[in-house]
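The structure file work20.cif is reproduced below (mmCIF, C-alpha atoms and all ligand atoms).
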data_query
loop_
_atom_site.label_atom_id
_atom_site.label_comp_id
_atom_site.auth_asym_id
_atom_site.auth_seq_id
_atom_site.Cartn_x
_atom_site.Cartn_y
_atom_site.Cartn_z
CA MET V 1 10.60 13.08 10.88
CA ASN V 2 6.86 12.93 10.18
CA THR V 3 6.82 12.79 6.39
CA LEU V 4 6.90 9.74 4.16
CA GLU V 5 9.61 8.92 1.66
CA GLU V 6 8.48 8.98 -1.97
CA ASN V 7 7.75 5.25 -2.35
CA GLU V 8 6.41 4.64 1.17
CA LEU V 9 2.71 3.70 1.39
CA LEU V 10 2.60 3.18 5.16
CA SER V 11 5.06 3.85 7.90
CA CYS V 12 4.99 3.03 11.62
CA ARG V 13 7.25 5.35 13.60
CA ASP V 14 8.06 4.02 17.07
CA VAL V 15 4.52 2.78 17.49
CA SER V 16 3.01 0.93 20.49
CA LEU V 17 -0.03 -1.20 19.76
CA GLY V 18 -2.42 -2.87 22.14
CA TYR V 19 -5.78 -2.82 23.85
CA GLU V 20 -7.18 -0.75 26.72
CA GLY V 21 -3.84 0.94 27.32
CA LYS V 22 -1.93 -2.36 27.58
CA PRO V 23 0.71 -2.79 24.86
CA VAL V 24 1.04 -5.99 22.83
CA LEU V 25 3.79 -4.57 20.60
CA GLU V 26 6.16 -1.70 21.38
CA HIS V 27 8.71 0.34 19.39
CA VAL V 28 7.36 -0.89 16.06
CA ASN V 29 9.19 0.68 13.13
CA LEU V 30 8.01 -0.57 9.77
CA SER V 31 7.64 0.75 6.24
CA VAL V 32 5.49 -0.71 3.49
CA ARG V 33 6.64 0.54 0.09
CA SER V 34 5.07 0.49 -3.37
CA GLY V 35 5.45 -2.95 -4.91
CA ASP V 36 6.67 -4.53 -1.64
CA TYR V 37 5.90 -8.17 -0.76
CA LEU V 38 5.97 -8.36 3.00
CA CYS V 39 5.11 -11.41 5.13
CA VAL V 40 4.41 -11.21 8.86
CA VAL V 41 5.20 -14.44 10.70
CA GLY V 42 5.38 -15.48 14.35
CA GLU V 43 3.78 -17.51 17.09
CA ASN V 44 0.04 -17.59 17.89
CA GLY V 45 -0.96 -14.63 20.00
CA SER V 46 2.24 -12.66 19.35
CA GLY V 47 0.43 -9.70 17.79
CA LYS V 48 0.28 -10.24 14.02
CA SER V 49 -3.43 -9.47 13.63
CA THR V 50 -3.05 -6.55 16.03
CA LEU V 51 -0.44 -5.11 13.66
CA LEU V 52 -2.77 -5.61 10.65
CA LYS V 53 -5.70 -3.94 12.42
CA SER V 54 -3.53 -0.93 13.17
CA LEU V 55 -2.18 -0.69 9.63
CA LEU V 56 -5.78 -0.83 8.36
CA GLY V 57 -6.67 2.05 10.68
CA LEU V 58 -9.07 -0.10 12.73
CA LEU V 59 -7.03 0.11 15.95
CA PRO V 60 -5.41 3.43 16.87
CA PRO V 61 -1.84 3.21 18.21
CA LEU V 62 -1.31 3.68 21.96
CA SER V 63 1.67 5.89 21.10
CA GLY V 64 3.80 6.79 18.11
CA GLU V 65 2.54 7.52 14.64
CA ILE V 66 1.28 5.57 11.63
CA LEU V 67 1.70 7.62 8.46
CA ARG V 68 -0.35 6.84 5.35
CA SER V 69 0.49 7.99 1.84
CA PRO V 70 -2.15 10.12 0.05
CA ALA V 71 -2.04 7.34 -2.59
CA LEU V 72 -3.78 5.08 -0.06
CA ARG V 73 -6.76 7.33 0.59
CA ASP V 74 -9.20 6.49 -2.21
CA ARG V 75 -9.90 2.89 -3.14
CA ALA V 76 -6.36 1.77 -2.60
CA VAL V 77 -6.27 -0.88 0.13
CA GLY V 78 -7.89 -4.28 -0.29
CA TYR V 79 -8.29 -6.47 2.79
CA LEU V 80 -8.76 -10.23 2.89
CA PRO V 81 -9.66 -11.04 6.51
CA GLN V 82 -9.49 -14.45 8.13
CA GLN V 83 -12.65 -16.29 7.07
CA THR V 84 -15.18 -17.02 9.79
CA PRO V 85 -17.80 -19.82 9.60
CA ALA V 86 -20.52 -17.14 9.21
CA GLN V 87 -18.78 -15.68 6.13
CA LYS V 88 -18.54 -19.14 4.55
CA ASP V 89 -22.35 -19.33 4.68
CA PHE V 90 -23.02 -15.93 3.13
CA PRO V 91 -26.34 -16.12 1.19
CA ALA V 92 -25.44 -14.09 -1.91
CA THR V 93 -24.25 -14.71 -5.44
CA VAL V 94 -20.56 -14.61 -6.24
CA LEU V 95 -20.98 -11.39 -8.24
CA GLU V 96 -22.80 -9.71 -5.34
CA VAL V 97 -20.01 -10.70 -2.93
CA VAL V 98 -17.35 -9.30 -5.28
CA LEU V 99 -19.32 -6.07 -5.90
CA SER V 100 -19.59 -5.53 -2.14
CA GLY V 101 -15.87 -4.76 -2.27
CA PHE V 102 -16.87 -1.34 -3.59
CA LEU V 103 -19.21 -0.59 -0.67
CA SER V 104 -16.74 1.14 1.63
CA ASN V 105 -15.98 3.78 -0.99
CA ARG V 106 -19.41 4.58 -2.33
CA GLY V 107 -21.08 6.59 0.41
CA LEU V 108 -24.85 6.77 0.01
CA LYS V 109 -25.17 5.45 -3.53
CA PHE V 110 -27.40 2.38 -3.54
CA PHE V 111 -26.76 0.95 -7.00
CA TYR V 112 -23.53 -0.30 -8.46
CA THR V 113 -22.35 1.53 -11.57
CA ALA V 114 -21.63 -0.17 -14.90
CA VAL V 115 -17.94 0.59 -14.33
CA GLU V 116 -18.05 -1.18 -10.95
CA ARG V 117 -19.82 -4.19 -12.48
CA SER V 118 -17.27 -4.52 -15.25
CA ALA V 119 -14.38 -4.12 -12.75
CA ALA V 120 -15.91 -6.86 -10.58
CA LEU V 121 -16.19 -9.18 -13.59
CA MET V 122 -12.63 -8.34 -14.62
CA ASN V 123 -11.36 -9.24 -11.14
CA LEU V 124 -13.27 -12.54 -11.21
CA GLY V 125 -11.59 -13.19 -14.58
CA LYS V 126 -8.15 -12.37 -13.14
CA LEU V 127 -8.73 -14.93 -10.40
CA GLY V 128 -9.88 -17.54 -12.94
CA VAL V 129 -13.42 -17.87 -11.54
CA LEU V 130 -15.50 -15.76 -13.94
CA GLU V 131 -17.76 -18.72 -14.71
CA LEU V 132 -18.84 -18.79 -11.04
CA GLN V 133 -20.36 -15.28 -11.14
CA GLY V 134 -24.01 -16.41 -10.91
CA LYS V 135 -23.47 -19.21 -8.35
CA CYS V 136 -24.41 -18.98 -4.70
CA TYR V 137 -21.28 -18.14 -2.70
CA ARG V 138 -21.98 -20.65 0.09
CA GLU V 139 -22.10 -23.54 -2.39
CA LEU V 140 -18.47 -23.00 -3.46
CA SER V 141 -15.43 -24.96 -2.24
CA GLY V 142 -13.05 -23.28 0.23
CA GLY V 143 -10.52 -22.59 -2.53
CA GLN V 144 -13.17 -21.06 -4.81
CA GLN V 145 -14.49 -18.93 -1.92
CA GLN V 146 -11.00 -17.63 -1.22
CA ARG V 147 -10.54 -16.63 -4.87
CA VAL V 148 -13.88 -14.83 -4.83
CA LEU V 149 -12.89 -12.97 -1.64
CA LEU V 150 -9.58 -12.01 -3.24
CA ALA V 151 -11.49 -10.68 -6.27
CA ARG V 152 -13.62 -8.69 -3.78
CA ALA V 153 -10.50 -7.30 -2.09
CA LEU V 154 -9.14 -6.30 -5.50
CA CYS V 155 -12.23 -4.12 -6.06
CA ALA V 156 -10.98 -2.00 -3.17
CA ALA V 157 -7.28 -2.20 -3.99
CA SER V 158 -5.21 -0.24 -6.42
CA GLN V 159 -2.03 -0.05 -4.34
CA LEU V 160 -1.98 -2.50 -1.44
CA LEU V 161 -3.49 -5.89 -0.56
CA ILE V 162 -3.54 -6.90 3.09
CA LEU V 163 -4.23 -10.58 3.78
CA ASP V 164 -4.69 -12.36 7.11
CA GLU V 165 -3.71 -16.05 6.87
CA PRO V 166 -5.22 -16.45 3.39
CA ILE V 167 -4.43 -20.15 2.90
CA THR V 168 -6.14 -21.39 6.08
CA GLY V 169 -8.33 -24.34 5.11
CA LEU V 170 -7.00 -24.61 1.55
CA ASP V 171 -5.46 -27.81 0.20
CA PRO V 172 -1.81 -27.57 -0.99
CA ALA V 173 -2.76 -27.15 -4.67
CA ALA V 174 -5.29 -24.37 -3.92
CA ALA V 175 -2.73 -22.66 -1.65
CA GLN V 176 -0.12 -22.75 -4.43
CA ASP V 177 -2.70 -21.31 -6.86
CA LEU V 178 -3.38 -18.44 -4.47
CA TYR V 179 0.35 -17.73 -4.04
CA LYS V 180 0.78 -17.76 -7.82
CA THR V 181 -2.01 -15.21 -8.18
CA LEU V 182 -0.43 -12.99 -5.51
CA ARG V 183 2.96 -13.20 -7.28
CA TYR V 184 1.27 -12.19 -10.53
CA LEU V 185 -0.47 -9.22 -8.92
CA ASN V 186 2.75 -8.14 -7.22
CA GLU V 187 5.14 -8.62 -10.14
CA LYS V 188 2.95 -7.72 -13.12
CA GLU V 189 0.55 -5.21 -11.62
CA GLY V 190 2.84 -3.65 -9.01
CA MET V 191 0.41 -4.39 -6.17
CA ALA V 192 2.06 -4.25 -2.75
CA VAL V 193 1.24 -7.36 -0.70
CA LEU V 194 1.27 -7.55 3.08
CA MET V 195 0.34 -10.97 4.41
CA VAL V 196 0.13 -12.59 7.83
CA THR V 197 1.02 -16.25 7.44
CA HIS V 198 2.14 -19.34 9.32
CA ASP V 199 3.56 -20.78 6.07
CA ILE V 200 7.17 -19.68 6.55
CA LYS V 201 8.52 -21.80 3.69
CA SER V 202 6.33 -20.01 1.12
CA ALA V 203 6.96 -16.65 2.78
CA LEU V 204 10.70 -17.16 2.30
CA GLN V 205 10.16 -18.02 -1.36
CA ASP V 206 7.90 -15.11 -2.29
CA ALA V 207 8.44 -12.24 0.15
CA ARG V 208 11.05 -9.55 -0.13
CA THR V 209 10.60 -8.42 3.47
CA ILE V 210 9.93 -10.57 6.56
CA VAL V 211 8.53 -9.33 9.85
CA HIS V 212 8.85 -11.88 12.66
CA ILE V 213 7.03 -11.17 15.91
CA SER V 214 7.95 -13.26 18.96
CA HIS V 215 6.11 -13.51 22.26
CA GLY V 216 6.85 -10.59 24.51
CA GLY V 217 6.79 -8.33 21.44
CA ARG V 218 10.34 -9.10 20.22
CA TRP V 219 10.45 -7.79 16.70
CA PHE V 220 12.49 -8.53 13.56
CA CYS V 221 12.06 -6.72 10.23
CA GLY V 222 14.42 -7.17 7.29
CA SER V 223 15.09 -8.85 3.96
CA VAL V 224 14.77 -12.64 3.59
CA GLU V 225 18.58 -12.94 3.65
CA GLU V 226 18.82 -10.87 6.84
CA TYR V 227 16.02 -12.95 8.38
CA LEU V 228 17.79 -16.23 7.65
CA ARG V 229 20.89 -14.90 9.45
CA SER V 230 18.86 -13.69 12.47
CA PRO V 231 18.21 -15.82 15.60
CA GLU V 232 14.48 -16.04 14.69
CA GLY V 233 15.24 -16.99 11.10
CA ARG V 234 17.81 -19.63 12.12
CA ARG V 235 15.24 -21.15 14.44
CA PHE V 236 12.10 -21.00 12.26
CA GLY V 237 13.33 -20.55 8.69
CA GLY V 238 15.94 -23.31 8.63
CA GLY V 239 13.72 -25.58 6.55
CA ARG V 240 14.19 -23.48 3.42
CA SER V 241 15.25 -25.76 0.62
N1 LIG Z 301 -9.87 -7.13 21.03
C1 LIG Z 301 -8.91 -7.48 21.91
N2 LIG Z 301 -8.94 -7.03 23.19
C2 LIG Z 301 -7.97 -7.35 24.08
N3 LIG Z 301 -6.91 -8.14 23.76
C3 LIG Z 301 -6.82 -8.63 22.50
C4 LIG Z 301 -7.81 -8.33 21.52
N4 LIG Z 301 -7.46 -8.94 20.36
C5 LIG Z 301 -6.30 -9.60 20.62
N5 LIG Z 301 -5.92 -9.41 21.89
C6 LIG Z 301 -4.70 -9.94 22.54
O1 LIG Z 301 -3.57 -9.42 21.87
C7 LIG Z 301 -2.54 -10.42 21.76
C8 LIG Z 301 -2.15 -10.57 20.30
O2 LIG Z 301 -3.27 -11.10 19.59
P1 LIG Z 301 -3.29 -11.22 17.99
O3 LIG Z 301 -4.64 -11.67 17.58
O4 LIG Z 301 -2.76 -9.96 17.40
O5 LIG Z 301 -2.21 -12.41 17.77
P2 LIG Z 301 -1.82 -13.18 16.43
O6 LIG Z 301 -0.31 -13.16 16.37
O7 LIG Z 301 -2.53 -12.63 15.26
O8 LIG Z 301 -2.31 -14.66 16.76
P3 LIG Z 301 -2.75 -15.89 15.80
O9 LIG Z 301 -1.50 -16.37 15.12
O10 LIG Z 301 -3.27 -16.88 16.79
O11 LIG Z 301 -3.82 -15.40 14.84
C9 LIG Z 301 -3.10 -11.69 22.38
O12 LIG Z 301 -2.61 -11.78 23.70
C10 LIG Z 301 -4.61 -11.47 22.37
O13 LIG Z 301 -5.22 -12.12 23.47
#
Could I get this file's structure written as structure tokens?
Ligand SMILES: Nc1ncnc2c1ncn2[C@@H]1O[C@H](COP(=O)(O)OP(=O)(O)OP(=O)(O)O)[C@@H](O)[C@H]1O
Amino acid sequence: MNTLEENELLSCRDVSLGYEGKPVLEHVNLSVRSGDYLCVVGENGSGKSTLLKSLLGLLPPLSGEILRSPALRDRAVGYLPQQTPAQKDFPATVLEVVLSGFLSNRGLKFFYTAVERSAALMNLGKLGVLELQGKCYRELSGGQQQRVLLARALCAASQLLILDEPITGLDPAAAQDLYKTLRYLNEKEGMAVLMVTHDIKSALQDARTIVHISHGGRWFCGSVEEYLRSPEGRRFGGGRS
């Protein structure tokens, strides 16, 4: 069937993903629904980022179909990529970085509107870093930079936030702050969250759905309870307290 259910934002239907005709993942069936909190876990090199790229529409599937809800078309998906050293050194003010979240949706307009400016400030406020708006981005700590990038992603997102290993480089307190913010956005604002993470313990606490990808493309997708009963969950999720 090639239509989405009412609350589905994204759906992979028997999808193969890979590069230059060579599959990394095969027979992927996955739905992301409104208000979902979905964590993708698994070993290095198993295909987590490949899955994200495909869900973002950056990597076309080798076969199968990825369906997107009309709700996702305009300003609906925010993406927080893995930070690179070059991004950490970005020579712009915090407000400019956050405003750039609007760029992908604005076509050939060269100036930000007053509405965009006030939304950018509101998102900085939501992330608790409004007072940093005039500072140079590269002078911030890693935790502050990550909050600013999340505020930027929120400028693009009204339905779904996609995050690739967002706590890399953060200390435990900053990581917990980021998780708290994501819980708030998910529970109070109904934002669907899809996150690649190596932090299985926190994934088991916050997520409703776990995707575990193993080498060779072995694939698990289910609730936290189902995951903990699965072979992958028994092996990797046993540390849940
Ligand atoms: N642009 C590319 N061209 C060809 N192969 C690629 C490309 N990007 C990734 N791969 C390969 O696809 C496989 C999956 O890589 P991917 O980056 O999706 O893994 P990952 O699970 O996100 O890893 P990590 O946990 O280390 O970030 C790897 O074998 C990788 O070498």
Sort by chain and increasing residue number a table of all residues of chain V within 12 Å of ligand LIG 301 (chain Z), each with its closest pair of atoms and their distance in Å to one decimal, counting all atoms listed in the file, and write it as a tab-separated table.
residue	atom	partner	partner_atom	distance
V:Leu17	CA	Z:LIG301	O1	9.2
V:Gly18	CA	Z:LIG301	O1	6.7
V:Tyr19	CA	Z:LIG301	C2	5.0
V:Glu20	CA	Z:LIG301	C2	7.2
V:Gly21	CA	Z:LIG301	C2	9.8
V:Lys22	CA	Z:LIG301	N3	8.5
V:Pro23	CA	Z:LIG301	O1	8.4
V:Val24	CA	Z:LIG301	C7	5.8
V:Leu25	CA	Z:LIG301	C8	8.4
V:Val40	CA	Z:LIG301	O6	9.1
V:Val41	CA	Z:LIG301	O6	8.0
V:Gly42	CA	Z:LIG301	O6	6.5
V:Glu43	CA	Z:LIG301	O9	5.7
V:Asn44	CA	Z:LIG301	O9	3.4
V:Gly45	CA	Z:LIG301	O5	3.4
V:Ser46	CA	Z:LIG301	O6	4.0
V:Gly47	CA	Z:LIG301	O4	3.2
V:Lys48	CA	Z:LIG301	O6	3.8
V:Ser49	CA	Z:LIG301	O7	3.7
V:Thr50	CA	Z:LIG301	O4	3.7
V:Leu51	CA	Z:LIG301	O4	6.5
V:Leu52	CA	Z:LIG301	O4	8.0
V:Lys53	CA	Z:LIG301	O4	8.3
V:Ser54	CA	Z:LIG301	O4	10.0
V:Leu58	CA	Z:LIG301	N1	10.9
V:Leu59	CA	Z:LIG301	N1	9.3
V:Pro81	CA	Z:LIG301	O11	11.1
V:Gln82	CA	Z:LIG301	O11	8.8
V:Gln83	CA	Z:LIG301	O11	11.8
V:Leu163	CA	Z:LIG301	O7	11.8
V:Asp164	CA	Z:LIG301	O11	8.4
V:Glu165	CA	Z:LIG301	O11	8.0
V:Pro166	CA	Z:LIG301	O11	11.6
V:Thr168	CA	Z:LIG301	O11	10.9
V:Met195	CA	Z:LIG301	O7	11.3
V:Val196	CA	Z:LIG301	O7	7.9
V:Thr197	CA	Z:LIG301	O9	8.1
V:His198	CA	Z:LIG301	O9	7.5
V:Asp199	CA	Z:LIG301	O9	11.3
V:Val211	CA	Z:LIG301	O6	11.6
V:His212	CA	Z:LIG301	O6	10.0
V:Ile213	CA	Z:LIG301	O6	7.6
V:Ser214	CA	Z:LIG301	O6	8.7
V:His215	CA	Z:LIG301	O6	8.7
V:Gly216	CA	Z:LIG301	O12	9.6
V:Gly217	CA	Z:LIG301	C8	9.3
**Request:** One decimal, Å: what's the distance from atom CA of Leu30 of chain V over to atom CA of Ala192 of chain V, could you say?
**Result:** 14.3 Å
**Message:** Just to confirm, what's the straight-line distance from atom CA of Glu232 of chain V to atom CA of Ser202 of chain V in Å (one decimal)?
**Reply:**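 Atom CA of Ser202 of chain V lies 16.3 Å from atom CA of Glu232 of chain V.
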Leaving out segment 133-148 of chain V and any residue of its chain fewer than 2 positions from it, which residues lie within 9 Å of it when counting only C-alpha atoms, given as a compact mmCIF listing (two decimals) with C-alpha atoms, in the frame of the given file?
# COMPACT_ATOMS: atom_id res chain seq x y z
CA LEU V 80 -8.76 -10.23 2.89
CA GLN V 83 -12.65 -16.29 7.07
CA GLN V 87 -18.78 -15.68 6.13
CA LYS V 88 -18.54 -19.14 4.55
CA ASP V 89 -22.35 -19.33 4.68
CA PHE V 90 -23.02 -15.93 3.13
CA PRO V 91 -26.34 -16.12 1.19
CA ALA V 92 -25.44 -14.09 -1.91
CA THR V 93 -24.25 -14.71 -5.44
CA VAL V 94 -20.56 -14.61 -6.24
CA LEU V 95 -20.98 -11.39 -8.24
CA GLU V 96 -22.80 -9.71 -5.34
CA VAL V 97 -20.01 -10.70 -2.93
CA VAL V 98 -17.35 -9.30 -5.28
CA LEU V 121 -16.19 -9.18 -13.59
CA ASN V 123 -11.36 -9.24 -11.14
CA LEU V 124 -13.27 -12.54 -11.21
CA LEU V 127 -8.73 -14.93 -10.40
CA GLY V 128 -9.88 -17.54 -12.94
CA VAL V 129 -13.42 -17.87 -11.54
CA LEU V 130 -15.50 -15.76 -13.94
CA GLU V 131 -17.76 -18.72 -14.71
CA LEU V 150 -9.58 -12.01 -3.24
CA ALA V 151 -11.49 -10.68 -6.27
CA ARG V 152 -13.62 -8.69 -3.78
CA ALA V 153 -10.50 -7.30 -2.09
CA PRO V 166 -5.22 -16.45 3.39
CA ILE V 167 -4.43 -20.15 2.90
CA GLY V 169 -8.33 -24.34 5.11
CA LEU V 170 -7.00 -24.61 1.55
CA ASP V 171 -5.46 -27.81 0.20
CA ALA V 174 -5.29 -24.37 -3.92
CA ALA V 175 -2.73 -22.66 -1.65
CA LEU V 178 -3.38 -18.44 -4.47
**Asked** For Leu161 of chain V, which of V:Gly64, V:Gly233, V:Gly190, V:Gly125 is the closest residue, counting all atoms listed in the file?
**Response**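 Smallest separation from Leu161 of chain V among the options: V:Gly190.
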Please return the centre and edge lengths, in Å to one decimal, of a box with edges along x, y and z that contains all listed atoms of segment 3-16 of chain V, widened by 4 Å on every side, as lines of an AutoDock Vina configuration file.
center_x = 6.1
center_y = 6.9
center_z = 9.1
size_x = 15.0
size_y = 19.9
size_z = 30.8
**Message:** For a test of reading the model, state the distance in Å between atom CA of Arg208 of chain V and atom CA of Gln176 of chain V, rounded to one decimal.
**Reply:**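 Taking atom CA of Arg208 of chain V and atom CA of Gln176 of chain V, their separation equals 17.8 Å.
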**Counting all atoms listed in the file, the option among V:Ile200, V:Cys39, V:Val32, V:Val193 closest to Ile162 of chain V** =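 Selected residue with least distance to Ile162 of chain V: V:Val193.
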**Asked** Of the candidates V:Asn2, V:Ser69, V:Asn186, V:Ser230, which shows the shortest atom-to-atom distance to Ile210 of chain V, using only C-alpha atoms?
**Response**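 Closest to Ile210 of chain V of all the choices is V:Ser230.
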**Message:** Just checking: using all atoms listed in the file, which residue out of V:Ala173, V:Ile66, V:Glu6, V:Ala203 ends up closest to Tyr227 of chain V?
**Reply:**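 The answer is V:Ala203, which sits nearest to Tyr227 of chain V.
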